[in-house]
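Trainee: Handing you this structure, nothing more for now.
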Amino acid sequence: QVQLVESGGGLVQAGGSLRLSCVASGRTFSSYAMGWFRQAPGKEREFVAAIPWSGGTTYYADSLKGRVTISRDNAKNTVYLQMNSLKPEDTADYYCAAALNRLGGSLYYRATYDYWGQGTQVTVSS
């Protein structure tokens with residue numbers, strides 16, 4: 001069992017930056033690929049970024065490439081999402097998720113993930 005707790009959301013002006021964090025419980029964090037998804041009001045949850053357990057190749061939604069960076073610190077059981085040049089359309093609840101022993105293109109899909117956090121709200125004002 002893995003529990004995920006996100007933090008770092010808030011209100012920011014357009015053009016600003018935020019760094020989201022997700023802390024995982026459990027001793028096997030390093031075995032999990034980690035992803036970030038977001039869900040805006042009235043919309044489906046969509047993929048943002050993912051990173052495999054090894055911290056190697058990272059994956060990003062095309063619409064966010066160049067503005068977000070995912071990273072992880074296995075010693076701290078934490079995954080981060082650095083978001084820059086934020087836009088009002090980035091307003092959403094952001095969720096982290098964990099997938100055991102998954103790699104590659106499967107990380108783009110919600111169904112791949114075994115555990116989800118409760119989300120942290122990001123609001124970008126114009």
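Residues are named by chain letter and number: chains run A, B, ... in the order of the structure tokens, numbers start at 1 in each chain, and ligands are numbered from 1 in the order shown.
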Could you give me, as a ChimeraX atom specification, the residues within 8 Å of Leu100 of chain A, counting only C-alpha atoms and dropping anything in the same chain fewer than 5 positions from it?

Mentor: /A:31-33,113-114

Trainee: Okay, now the selection with all heavy atoms, as a PDB file, in the first residue's frame?

Mentor:
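again_12.pdb written:
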```
ATOM      1  N   SER A  31      10.468   1.629  -6.272  1.00  0.00           N
ATOM      2  CA  SER A  31       9.983   0.644  -7.238  1.00  0.00           C
ATOM      3  C   SER A  31       8.860   1.180  -8.108  1.00  0.00           C
ATOM      4  O   SER A  31       8.421   0.504  -9.048  1.00  0.00           O
ATOM      5  CB  SER A  31       9.474  -0.609  -6.511  1.00  0.00           C
ATOM      6  OG  SER A  31      10.504  -1.218  -5.776  1.00  0.00           O
ATOM      7  N   TYR A  32       8.377   2.373  -7.782  1.00  0.00           N
ATOM      8  CA  TYR A  32       7.212   2.918  -8.455  1.00  0.00           C
ATOM      9  C   TYR A  32       7.587   4.001  -9.453  1.00  0.00           C
ATOM     10  O   TYR A  32       8.349   4.916  -9.131  1.00  0.00           O
ATOM     11  CB  TYR A  32       6.236   3.520  -7.444  1.00  0.00           C
ATOM     12  CG  TYR A  32       5.490   2.496  -6.629  1.00  0.00           C
ATOM     13  CD1 TYR A  32       6.073   1.915  -5.507  1.00  0.00           C
ATOM     14  CD2 TYR A  32       4.215   2.104  -6.995  1.00  0.00           C
ATOM     15  CE1 TYR A  32       5.400   0.969  -4.768  1.00  0.00           C
ATOM     16  CE2 TYR A  32       3.519   1.161  -6.257  1.00  0.00           C
ATOM     17  CZ  TYR A  32       4.116   0.594  -5.143  1.00  0.00           C
ATOM     18  OH  TYR A  32       3.442  -0.340  -4.427  1.00  0.00           O
ATOM     19  N   ALA A  33       7.014   3.895 -10.632  1.00  0.00           N
ATOM     20  CA  ALA A  33       6.999   5.045 -11.514  1.00  0.00           C
ATOM     21  C   ALA A  33       5.988   6.039 -10.941  1.00  0.00           C
ATOM     22  O   ALA A  33       4.992   5.651 -10.338  1.00  0.00           O
ATOM     23  CB  ALA A  33       6.586   4.642 -12.916  1.00  0.00           C
ATOM     24  N   TYR A 113      -1.848   3.471 -13.336  1.00  0.00           N
ATOM     25  CA  TYR A 113      -1.443   3.826 -11.977  1.00  0.00           C
ATOM     26  C   TYR A 113      -2.261   3.097 -10.917  1.00  0.00           C
ATOM     27  O   TYR A 113      -3.476   2.952 -11.032  1.00  0.00           O
ATOM     28  CB  TYR A 113      -1.530   5.341 -11.799  1.00  0.00           C
ATOM     29  CG  TYR A 113      -0.527   6.035 -12.683  1.00  0.00           C
ATOM     30  CD1 TYR A 113      -0.818   6.315 -14.015  1.00  0.00           C
ATOM     31  CD2 TYR A 113       0.737   6.369 -12.203  1.00  0.00           C
ATOM     32  CE1 TYR A 113       0.129   6.907 -14.843  1.00  0.00           C
ATOM     33  CE2 TYR A 113       1.682   6.970 -13.014  1.00  0.00           C
ATOM     34  CZ  TYR A 113       1.369   7.234 -14.335  1.00  0.00           C
ATOM     35  OH  TYR A 113       2.295   7.823 -15.162  1.00  0.00           O
ATOM     36  N   ASP A 114      -1.551   2.686  -9.873  1.00  0.00           N
ATOM     37  CA  ASP A 114      -2.161   1.894  -8.815  1.00  0.00           C
ATOM     38  C   ASP A 114      -2.660   2.739  -7.657  1.00  0.00           C
ATOM     39  O   ASP A 114      -3.608   2.351  -6.966  1.00  0.00           O
ATOM     40  CB  ASP A 114      -1.126   0.896  -8.277  1.00  0.00           C
ATOM     41  CG  ASP A 114      -0.537   0.030  -9.379  1.00  0.00           C
ATOM     42  OD1 ASP A 114      -1.308  -0.729  -9.988  1.00  0.00           O
ATOM     43  OD2 ASP A 114       0.684   0.111  -9.634  1.00  0.00           O
TER      44      ASP A 114
END
```

Trainee: For Gln39 of chain A, work out the shell of residues within 6 Å, counting only C-alpha atoms and skipping chain neighbours fewer than 4 positions away, then give it as a list in words.

Mentor: Glu44, Arg45, Ala92 and Asp93 of chain A

Trainee: For the strand (DSSP E or B) assignment from backbone DSSP, which residues of chain A qualify? Please present them as a ChimeraX atom specification.

Mentor: /A:4-7,10-13,18-24,32-39,46-51,59-60,68-73,78-83,92-100,115-116,120-125

Trainee: Could you make a table, as a tab-separated table, of the residues of segment 43-91 of chain A that have an atom within 12 Å of an atom of segment 12-21 of chain A, each with its nearest atom pair and distance in Å to one decimal, counting only C-alpha atoms, in chain and number order?

Mentor:
```
residue	atom	partner	partner_atom	distance
A:Arg67	CA	A:Ser17	CA	9.4
A:Val68	CA	A:Arg19	CA	9.3
A:Thr69	CA	A:Arg19	CA	9.3
A:Ile70	CA	A:Leu20	CA	9.5
A:Ser71	CA	A:Ser21	CA	9.7
A:Arg72	CA	A:Ser21	CA	9.3
A:Asp73	CA	A:Ser21	CA	10.5
A:Lys76	CA	A:Ser21	CA	10.9
A:Asn77	CA	A:Ser21	CA	10.2
A:Thr78	CA	A:Ser21	CA	6.7
A:Val79	CA	A:Ser21	CA	5.8
A:Tyr80	CA	A:Ser21	CA	4.6
A:Leu81	CA	A:Leu20	CA	5.0
A:Gln82	CA	A:Arg19	CA	4.3
A:Met83	CA	A:Leu18	CA	5.3
A:Asn84	CA	A:Ser17	CA	4.4
A:Ser85	CA	A:Gly15	CA	4.1
A:Leu86	CA	A:Gly15	CA	4.9
A:Lys87	CA	A:Ala14	CA	5.0
A:Pro88	CA	A:Ala14	CA	6.3
A:Glu89	CA	A:Ala14	CA	9.5
A:Asp90	CA	A:Ala14	CA	9.3
A:Thr91	CA	A:Val12	CA	9.6
```

Trainee: Got a sec to tell me which of chain A DSSP assigns to helix (DSSP H, G or I), as a list in words?

Mentor: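 Helix (DSSP H, G or I) assignments inside chain A correspond to Phe29, Ser30, Ser31, Asp62, Ser63, Leu64, Asn74, Ala75, Lys76, Pro88, Glu89, Asp90, Gly104, Gly105, Ser106, Leu107, Tyr108, Arg110, Ala111 and Thr112 of chain A.
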
Trainee: As an exercise, work out the distance from atom CA of Leu64 of chain A to atom CA of Glu46 of chain A in Å and give it to one decimal place.

Mentor: 11.4 Å

Trainee: Using atom CA of Gly104 of chain A and atom CA of Phe47 of chain A as the two end points, give the distance in Å to one decimal.

Mentor: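 We find that atom CA of Gly104 of chain A and atom CA of Phe47 of chain A lie 13.8 Å from each other.
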
Trainee: Using only C-alpha atoms, which of A:Leu11, A:Ala61, A:Ala49, A:Ala40 sits nearest Cys96 of chain A?

Mentor: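 Under the stated criterion, the closest residue is A:Ala49.
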
Trainee: Which residues are close to Gly119 of chain A, i.e. within 9 Å by only C-alpha atoms, leaving aside same-chain residues fewer than 5 positions away? Reply as a PyMOL selection string.

Mentor: chain A and resi 5-7+9+38+93-96

Trainee: Would you mind telling me which residue in A:Ser106, A:Val2, A:Tyr115, A:Ala97 lies nearest to Thr28 of chain A when using only C-alpha atoms?

Mentor: A:Val2

Trainee: To one decimal place in Å, what is the distance between atom CA of Tyr108 of chain A and atom CA of Gly26 of chain A?

Mentor: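 Distance reported for this atom pair: 23.6 Å.
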
Trainee: With distances taken over only C-alpha atoms, which of A:Trp36, A:Phe29, A:Tyr60, A:Trp53 is nearest to Gly105 of chain A?

Mentor: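 So, comparing all the options, the nearest one is A:Tyr60.
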